[in-house]
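Printed here is entry_29.cif (mmCIF, C-alpha atoms):
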data_coords
#
loop_
_atom_site.group_PDB
_atom_site.id
_atom_site.type_symbol
_atom_site.label_atom_id
_atom_site.label_comp_id
_atom_site.auth_asym_id
_atom_site.auth_seq_id
_atom_site.Cartn_x
_atom_site.Cartn_y
_atom_site.Cartn_z
ATOM 1 C CA GLY A 1 28.375 -51.822 0.446
ATOM 2 C CA CYS A 2 32.074 -52.533 -0.132
ATOM 3 C CA SER A 3 34.519 -54.076 2.451
ATOM 4 C CA MET A 4 38.284 -54.735 2.623
ATOM 5 C CA SER A 5 40.154 -57.550 4.457
ATOM 6 C CA ARG A 6 43.747 -57.454 5.770
ATOM 7 C CA ASP A 7 44.656 -61.053 4.776
ATOM 8 C CA VAL A 8 43.220 -61.182 1.289
ATOM 9 C CA PHE A 9 42.339 -58.075 -0.587
ATOM 10 C CA ARG A 10 38.707 -58.486 -1.375
ATOM 11 C CA VAL A 11 36.049 -56.165 -2.616
ATOM 12 C CA SER A 12 32.489 -57.165 -2.000
ATOM 13 C CA CYS A 13 29.506 -55.245 -3.344
ATOM 14 C CA SER A 14 25.830 -55.840 -3.094
ATOM 15 C CA VAL A 15 23.237 -54.154 -5.274
ATOM 16 C CA ASN A 16 19.801 -55.538 -4.487
ATOM 17 C CA GLY A 17 20.860 -58.991 -5.566
ATOM 18 C CA PRO A 18 23.144 -61.949 -4.752
ATOM 19 C CA HIS A 19 26.198 -61.091 -2.609
ATOM 20 C CA ALA A 20 29.225 -61.176 -4.980
ATOM 21 C CA THR A 21 32.825 -61.360 -3.653
ATOM 22 C CA ARG A 22 35.807 -60.768 -5.916
ATOM 23 C CA ASN A 23 39.323 -61.726 -4.773
ATOM 24 C CA THR A 24 42.687 -60.551 -6.085
ATOM 25 C CA ALA A 25 42.837 -63.324 -8.658
ATOM 26 C CA GLY A 26 39.718 -62.017 -10.307
ATOM 27 C CA ALA A 27 37.577 -65.016 -9.363
ATOM 28 C CA THR A 28 34.083 -64.381 -8.222
ATOM 29 C CA VAL A 29 32.603 -66.380 -5.385
ATOM 30 C CA GLN A 30 28.851 -66.414 -4.827
ATOM 31 C CA THR A 31 27.692 -66.131 -1.245
ATOM 32 C CA PRO A 32 24.176 -66.190 0.150
ATOM 33 C CA HIS A 33 22.448 -63.025 -0.908
ATOM 34 C CA ALA A 34 21.226 -60.371 1.511
ATOM 35 C CA SER A 35 17.541 -60.096 2.058
ATOM 36 C CA ARG A 36 15.943 -57.758 -0.443
ATOM 37 C CA LEU A 37 13.840 -54.936 0.998
ATOM 38 C CA THR A 38 10.331 -55.072 -0.376
ATOM 39 C CA PRO A 39 8.137 -51.970 0.112
ATOM 40 C CA HIS A 40 4.921 -52.669 2.000
ATOM 41 C CA LEU A 41 1.796 -51.081 0.481
ATOM 42 C CA HIS A 42 -0.718 -49.927 3.115
ATOM 43 C CA ALA A 43 -4.394 -49.930 2.108
ATOM 44 C CA PHE A 44 -7.498 -48.829 3.970
ATOM 45 C CA THR A 45 -9.437 -51.604 5.621
ATOM 46 C CA LEU A 46 -13.191 -51.927 5.368
ATOM 47 C CA ILE A 47 -13.588 -50.857 9.007
ATOM 48 C CA GLU A 48 -11.574 -47.669 8.409
ATOM 49 C CA LEU A 49 -13.691 -46.781 5.383
ATOM 50 C CA MET A 50 -16.888 -47.371 7.361
ATOM 51 C CA ILE A 51 -15.629 -45.064 10.150
ATOM 52 C CA VAL A 52 -14.867 -42.292 7.623
ATOM 53 C CA VAL A 53 -18.312 -42.632 6.031
ATOM 54 C CA ALA A 54 -19.966 -42.482 9.471
ATOM 55 C CA ILE A 55 -18.053 -39.296 10.401
ATOM 56 C CA MET A 56 -19.020 -37.650 7.104
ATOM 57 C CA GLY A 57 -22.662 -38.536 7.763
ATOM 58 C CA VAL A 58 -22.588 -36.940 11.215
ATOM 59 C CA VAL A 59 -20.959 -33.754 9.869
ATOM 60 C CA MET A 60 -23.542 -33.427 7.092
ATOM 61 C CA ALA A 61 -26.431 -34.091 9.486
ATOM 62 C CA VAL A 62 -25.237 -31.282 11.765
ATOM 63 C CA GLY A 63 -24.149 -28.788 9.088
ATOM 64 C CA VAL A 64 -26.948 -28.974 6.530
ATOM 65 C CA PRO A 65 -29.829 -27.981 8.871
ATOM 66 C CA ALA A 66 -27.810 -24.970 10.069
ATOM 67 C CA PHE A 67 -27.222 -23.934 6.454
ATOM 68 C CA VAL A 68 -30.935 -24.303 5.668
ATOM 69 C CA ARG A 69 -31.897 -22.226 8.722
ATOM 70 C CA ALA A 70 -29.440 -19.507 7.688
ATOM 71 C CA ARG A 71 -31.026 -19.319 4.238
ATOM 72 C CA HIS A 72 -34.553 -19.244 5.645
ATOM 73 C CA ASN A 73 -33.678 -16.457 8.115
ATOM 74 C CA THR A 74 -32.535 -14.105 5.368
ATOM 75 C CA GLY A 75 -35.640 -11.919 5.663
ATOM 76 C CA ILE A 76 -35.398 -11.207 9.388
ATOM 77 C CA ARG A 77 -31.643 -10.651 9.139
ATOM 78 C CA LYS A 78 -32.211 -8.063 6.400
ATOM 79 C CA ALA A 79 -34.704 -6.263 8.628
ATOM 80 C CA VAL A 80 -32.276 -6.280 11.550
ATOM 81 C CA THR A 81 -29.432 -5.039 9.356
ATOM 82 C CA ALA A 82 -31.540 -2.189 7.934
ATOM 83 C CA LEU A 83 -32.581 -0.907 11.359
ATOM 84 C CA MET A 84 -29.172 -1.364 12.987
ATOM 85 C CA GLU A 85 -27.446 0.534 10.181
ATOM 86 C CA ALA A 86 -30.008 3.363 10.424
ATOM 87 C CA CYS A 87 -29.436 3.670 14.183
ATOM 88 C CA HIS A 88 -25.653 3.767 13.773
ATOM 89 C CA GLU A 89 -25.940 6.388 11.029
ATOM 90 C CA ALA A 90 -28.317 8.613 13.030
ATOM 91 C CA ARG A 91 -26.125 8.447 16.139
ATOM 92 C CA ALA A 92 -22.950 9.256 14.199
ATOM 93 C CA ASN A 93 -24.558 12.229 12.407
ATOM 94 C CA ALA A 94 -25.977 13.594 15.651
ATOM 95 C CA ILE A 95 -22.551 13.572 17.288
ATOM 96 C CA LEU A 96 -20.560 14.837 14.292
ATOM 97 C CA ARG A 97 -23.002 17.576 13.255
ATOM 98 C CA GLY A 98 -24.014 18.627 16.758
ATOM 99 C CA MET A 99 -27.732 18.363 16.037
ATOM 100 C CA PRO A 100 -30.433 15.834 16.999
ATOM 101 C CA MET A 101 -31.153 13.171 14.407
ATOM 102 C CA GLU A 102 -33.890 10.611 14.255
ATOM 103 C CA VAL A 103 -34.670 7.235 12.764
ATOM 104 C CA VAL A 104 -38.152 7.184 11.255
ATOM 105 C CA ILE A 105 -39.947 3.864 10.738
ATOM 106 C CA ILE A 106 -42.814 4.285 8.260
ATOM 107 C CA ALA A 107 -45.552 1.674 8.656
ATOM 108 C CA GLU A 108 -47.111 2.083 5.204
ATOM 109 C CA ASP A 109 -44.261 0.663 3.142
ATOM 110 C CA GLY A 110 -41.732 -0.445 5.744
ATOM 111 C CA ARG A 111 -39.224 2.294 4.961
ATOM 112 C CA VAL A 112 -36.536 3.209 7.483
ATOM 113 C CA GLU A 113 -35.228 6.765 7.112
ATOM 114 C CA VAL A 114 -32.597 8.882 8.828
ATOM 115 C CA ARG A 115 -33.348 12.617 8.988
ATOM 116 C CA PRO A 116 -32.779 15.665 11.191
ATOM 117 C CA ALA A 117 -35.055 15.646 14.228
ATOM 118 C CA GLY A 118 -38.236 17.625 13.688
ATOM 119 C CA ALA A 119 -37.831 17.838 9.908
ATOM 120 C CA VAL A 120 -41.354 17.676 8.452
ATOM 121 C CA LYS A 121 -42.799 18.372 5.056
ATOM 122 C CA GLN A 122 -44.432 21.745 4.968
ATOM 123 C CA THR A 123 -46.802 23.317 2.444
ATOM 124 C CA GLU A 124 -44.932 25.882 0.403
ATOM 125 C CA ALA A 125 -46.087 29.462 1.007
ATOM 126 C CA GLN A 126 -46.555 31.767 -1.941
ATOM 127 C CA PRO A 127 -44.300 34.835 -2.089
ATOM 128 C CA GLY A 128 -45.455 37.381 0.489
ATOM 129 C CA GLU A 129 -47.755 34.887 2.188
ATOM 130 C CA GLU A 130 -47.470 33.245 5.544
ATOM 131 C CA THR A 131 -48.624 29.832 6.609
ATOM 132 C CA SER A 132 -50.926 29.345 9.562
ATOM 133 C CA ALA A 133 -47.851 28.658 11.661
ATOM 134 C CA GLY A 134 -46.155 31.917 10.633
ATOM 135 C CA PRO A 135 -43.221 32.502 8.276
ATOM 136 C CA ALA A 136 -41.629 29.350 6.943
ATOM 137 C CA GLU A 137 -38.525 28.325 8.865
ATOM 138 C CA PRO A 138 -35.289 27.602 7.017
ATOM 139 C CA ALA A 139 -34.720 23.939 6.315
ATOM 140 C CA PRO A 140 -31.944 22.151 8.206
ATOM 141 C CA ALA A 141 -28.550 21.949 6.538
ATOM 142 C CA ALA A 142 -28.532 19.377 3.780
ATOM 143 C CA LEU A 143 -27.243 15.958 4.732
ATOM 144 C CA LYS A 144 -25.612 13.375 2.585
ATOM 145 C CA ALA A 145 -28.348 11.247 1.075
ATOM 146 C CA SER A 146 -29.032 8.236 3.258
ATOM 147 C CA PRO A 147 -29.366 4.862 1.526
ATOM 148 C CA VAL A 148 -32.895 3.578 1.076
ATOM 149 C CA ARG A 149 -33.680 0.890 3.647
ATOM 150 C CA HIS A 150 -36.749 -1.304 3.816
ATOM 151 C CA ILE A 151 -38.128 -3.901 6.165
ATOM 152 C CA PRO A 152 -38.934 -7.007 4.056
ATOM 153 C CA GLU A 153 -42.629 -7.655 3.531
ATOM 154 C CA ASP A 154 -42.478 -11.099 5.139
ATOM 155 C CA VAL A 155 -41.188 -9.610 8.404
ATOM 156 C CA ALA A 156 -43.748 -8.138 10.818
ATOM 157 C CA ILE A 157 -43.254 -5.763 13.740
ATOM 158 C CA GLU A 158 -44.637 -7.369 16.893
ATOM 159 C CA LEU A 159 -43.650 -4.644 19.357
ATOM 160 C CA LEU A 160 -42.575 -1.014 18.894
ATOM 161 C CA ASP A 161 -42.037 1.227 21.926
ATOM 162 C CA VAL A 162 -40.376 4.657 22.056
ATOM 163 C CA ASN A 163 -39.823 6.149 25.516
ATOM 164 C CA PHE A 164 -42.067 3.380 26.868
ATOM 165 C CA ILE A 165 -44.983 4.488 24.680
ATOM 166 C CA ASN A 166 -46.541 2.003 22.279
ATOM 167 C CA GLN A 167 -46.144 3.243 18.697
ATOM 168 C CA MET A 168 -47.971 0.400 16.937
ATOM 169 C CA GLU A 169 -51.028 2.518 16.105
ATOM 170 C CA PHE A 170 -49.097 5.437 14.620
ATOM 171 C CA PRO A 171 -48.219 5.728 10.898
ATOM 172 C CA GLU A 172 -44.645 6.681 11.813
ATOM 173 C CA ALA A 173 -42.361 6.063 14.757
ATOM 174 C CA HIS A 174 -39.581 8.568 15.527
ATOM 175 C CA VAL A 175 -36.496 7.605 17.534
ATOM 176 C CA ARG A 176 -34.164 10.480 18.405
ATOM 177 C CA PHE A 177 -30.397 10.530 18.832
ATOM 178 C CA TYR A 178 -28.703 13.495 20.515
ATOM 179 C CA PRO A 179 -25.304 15.236 20.062
ATOM 180 C CA ASN A 180 -24.099 14.055 23.490
ATOM 181 C CA GLY A 181 -24.384 10.423 22.345
ATOM 182 C CA THR A 182 -27.608 9.583 24.167
ATOM 183 C CA SER A 183 -30.888 8.487 22.599
ATOM 184 C CA ASP A 184 -34.544 7.837 23.240
ATOM 185 C CA GLU A 185 -35.593 4.607 24.850
ATOM 186 C CA PHE A 186 -36.424 2.242 22.011
ATOM 187 C CA THR A 187 -37.517 -1.385 21.818
ATOM 188 C CA LEU A 188 -38.654 -3.229 18.705
ATOM 189 C CA ILE A 189 -39.345 -6.891 18.057
ATOM 190 C CA PHE A 190 -39.378 -8.328 14.543
ATOM 191 C CA LEU A 191 -41.409 -11.468 13.863
ATOM 192 C CA TRP A 192 -40.786 -13.778 10.927
ATOM 193 C CA ASN A 193 -42.782 -16.851 9.974
ATOM 194 C CA GLN A 194 -44.660 -16.775 13.302
ATOM 195 C CA ARG A 195 -41.699 -18.294 15.143
ATOM 196 C CA GLN A 196 -38.440 -16.419 14.604
ATOM 197 C CA ARG A 197 -38.044 -13.217 16.612
ATOM 198 C CA ALA A 198 -35.341 -10.562 16.840
ATOM 199 C CA LYS A 199 -35.315 -7.837 19.488
ATOM 200 C CA ILE A 200 -33.542 -4.526 18.867
ATOM 201 C CA SER A 201 -33.123 -2.037 21.691
ATOM 202 C CA LEU A 202 -31.112 1.106 22.419
ATOM 203 C CA GLU A 203 -28.909 1.756 25.423
ATOM 204 C CA VAL A 204 -30.119 5.273 26.258
ATOM 205 C CA VAL A 205 -26.844 6.392 27.882
ATOM 206 C CA THR A 206 -24.660 5.504 24.900
ATOM 207 C CA GLY A 207 -27.241 5.432 22.091
ATOM 208 C CA LEU A 208 -25.856 2.095 20.897
ATOM 209 C CA ALA A 209 -28.180 -0.501 19.359
ATOM 210 C CA GLU A 210 -28.237 -4.097 20.540
ATOM 211 C CA VAL A 211 -29.872 -7.119 18.927
ATOM 212 C CA ASP A 212 -31.002 -10.402 20.457
ATOM 213 C CA TYR A 213 -32.461 -13.329 18.515
ATOM 214 C CA LEU A 214 -35.237 -14.848 20.593
#
If you convert what's in this file into structure tokens, what do you get?
Amino acid sequence: GCSMSRDVFRVSCSVNGPHATRNTAGATVQTPHASRLTPHLHAFTLIELMIVVAIMGVVMAVGVPAFVRARHNTGIRKAVTALMEACHEARANAILRGMPMEVVIIAEDGRVEVRPAGAVKQTEAQPGEETSAGPAEPAPAALKASPVRHIPEDVAIELLDVNFINQMEFPEAHVRFYPNGTSDEFTLIFLWNQRQRAKISLEVVTGLAEVDYL
């Protein structure tokens, strides 16, 4: 910095070096220099590095098993997603179209279908002929094609009840959804790898599906 004195006009300046004073005669007088500021470099100590490494080890030990479990549970999560989506679709169509819909679980190949309630395949009658059940009834109004859903082969069904009746021995299980938003009673338990279970059930008053991992 620079300073001025009343008695003798002096200008003193200091620039990171010896303190130089110049008087009016032009002479320069050296004075003790100001202390030079030296930046202090901060480095990590060995203890700090060891603490960081220990924290990273704990995080990896906790996170990696969870990631592995998530990958291994892909099959049962696909099964849950397929059935939950089918239930939501059937409920929405029943309410919007004003007609009962049903979710059909086919045991043979694990397909999950959404179709109008009571829609069955009938043998075509020849012109002028009648089937044993009488004249063929008109088919329900066409619906937008539902996506194909499957239960993965490595996922088994441990329990399947509709309206409190065991459906495990039947080739197909039918779960109905009604235009007023209600549904059949429905409980299903998926089993994967003999240890991981997922329970899907319907709230009969609202027709909404719920899932619990057991």
Checklist line | the PyMOL selection byres ((chain A and resi 200-214) around 7) resolved against shown file, as JSON, numbers by chain | finding: {"A": [84, 87, 91, 177, 181, 182, 183, 184, 185, 186, 187, 188, 189, 196, 197, 198, 199]}
Kindly export the residues of the current selection with C-alpha atoms, as a JSON list (two decimals), in the coordinates of the input.
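Full text of out-v2.json as output:
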[["chain", "number", "residue", "atom", "x", "y", "z"],
["A", 84, "MET", "CA", -29.17, -1.36, 12.99],
["A", 87, "CYS", "CA", -29.44, 3.67, 14.18],
["A", 91, "ARG", "CA", -26.12, 8.45, 16.14],
["A", 177, "PHE", "CA", -30.40, 10.53, 18.83],
["A", 181, "GLY", "CA", -24.38, 10.42, 22.34],
["A", 182, "THR", "CA", -27.61, 9.58, 24.17],
["A", 183, "SER", "CA", -30.89, 8.49, 22.60],
["A", 184, "ASP", "CA", -34.54, 7.84, 23.24],
["A", 185, "GLU", "CA", -35.59, 4.61, 24.85],
["A", 186, "PHE", "CA", -36.42, 2.24, 22.01],
["A", 187, "THR", "CA", -37.52, -1.38, 21.82],
["A", 188, "LEU", "CA", -38.65, -3.23, 18.70],
["A", 189, "ILE", "CA", -39.34, -6.89, 18.06],
["A", 196, "GLN", "CA", -38.44, -16.42, 14.60],
["A", 197, "ARG", "CA", -38.04, -13.22, 16.61],
["A", 198, "ALA", "CA", -35.34, -10.56, 16.84],
["A", 199, "LYS", "CA", -35.32, -7.84, 19.49]]
Notebook entry, point to check: What is the CA of Pro116 in chain A to CA of Val148 in chain A distance in Å?
Noted result: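 Computing the Euclidean distance for CA of Pro116 in chain A and CA of Val148 in chain A yields 15.8 Å.
Between CA of Arg149 in chain A and CA of Val112 in chain A there is a distance of 5.3 Å.
The spacing separating CA of Glu102 in chain A from CA of Ala117 in chain A amounts to 5.2 Å.
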Next item on the list: Give me the result of the PyMOL selection byres ((chain A and resi 152) around 9) on this file, residue by residue, as number ranges by chain.
Entry: A: 75-76, 78-79, 110, 150-151, 153-156
Notebook entry, point to check: Given the choices A:Leu83, A:Thr74, A:Met56, A:Met50, which gets closest to Ile106 in chain A if the distance is worked out from all atoms listed in the file?
Noted result: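 Result for the nearest residue to Ile106 in chain A: A:Leu83.
If you measure from each of A:Val104, A:Val58, A:Arg97, A:Val52 to Gln167 in chain A using all atoms listed in the file, the closest one turns out to be A:Val104.
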Margin query: Under the PyMOL selection byres ((chain A and resi 96) around 12), which residues of this model are included? Write them out as a list of chain:residue names.
Written below: A:Glu89, A:Ala90, A:Arg91, A:Ala92, A:Asn93, A:Ala94, A:Ile95, A:Arg97, A:Gly98, A:Met99, A:Pro100, A:Met101, A:Leu143, A:Phe177, A:Tyr178, A:Pro179, A:Asn180, A:Gly181
Would you output that residue set with C-alpha atoms, as a PDB file, in the coordinates of the input?
ATOM      1  CA  GLU A  89     -25.940   6.388  11.029  1.00  0.00           C
ATOM      2  CA  ALA A  90     -28.317   8.613  13.030  1.00  0.00           C
ATOM      3  CA  ARG A  91     -26.125   8.447  16.139  1.00  0.00           C
ATOM      4  CA  ALA A  92     -22.950   9.256  14.199  1.00  0.00           C
ATOM      5  CA  ASN A  93     -24.558  12.229  12.407  1.00  0.00           C
ATOM      6  CA  ALA A  94     -25.977  13.594  15.651  1.00  0.00           C
ATOM      7  CA  ILE A  95     -22.551  13.572  17.288  1.00  0.00           C
ATOM      8  CA  ARG A  97     -23.002  17.576  13.255  1.00  0.00           C
ATOM      9  CA  GLY A  98     -24.014  18.627  16.758  1.00  0.00           C
ATOM     10  CA  MET A  99     -27.732  18.363  16.037  1.00  0.00           C
ATOM     11  CA  PRO A 100     -30.433  15.834  16.999  1.00  0.00           C
ATOM     12  CA  MET A 101     -31.153  13.171  14.407  1.00  0.00           C
ATOM     13  CA  LEU A 143     -27.243  15.958   4.732  1.00  0.00           C
ATOM     14  CA  PHE A 177     -30.397  10.530  18.832  1.00  0.00           C
ATOM     15  CA  TYR A 178     -28.703  13.495  20.515  1.00  0.00           C
ATOM     16  CA  PRO A 179     -25.304  15.236  20.062  1.00  0.00           C
ATOM     17  CA  ASN A 180     -24.099  14.055  23.490  1.00  0.00           C
ATOM     18  CA  GLY A 181     -24.384  10.423  22.345  1.00  0.00           C
TER      19      GLY A 181
END
Next item on the list: Go through A:Ile51, A:Leu191, A:Ile165, A:Leu160 and flag the residue nearest Ala107 in chain A, using only C-alpha atoms for the distances.
Entry: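 Among A:Ile51, A:Leu191, A:Ile165, A:Leu160, it is A:Leu160 that comes nearest to Ala107 in chain A.
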Item checked: Residue nearest Asp161 in chain A - candidates A:Ile105, A:Leu46, A:Met60, A:Glu113, atoms counted: all atoms listed in the file ->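 Closest to Asp161 in chain A, using all atoms listed in the file: A:Ile105.
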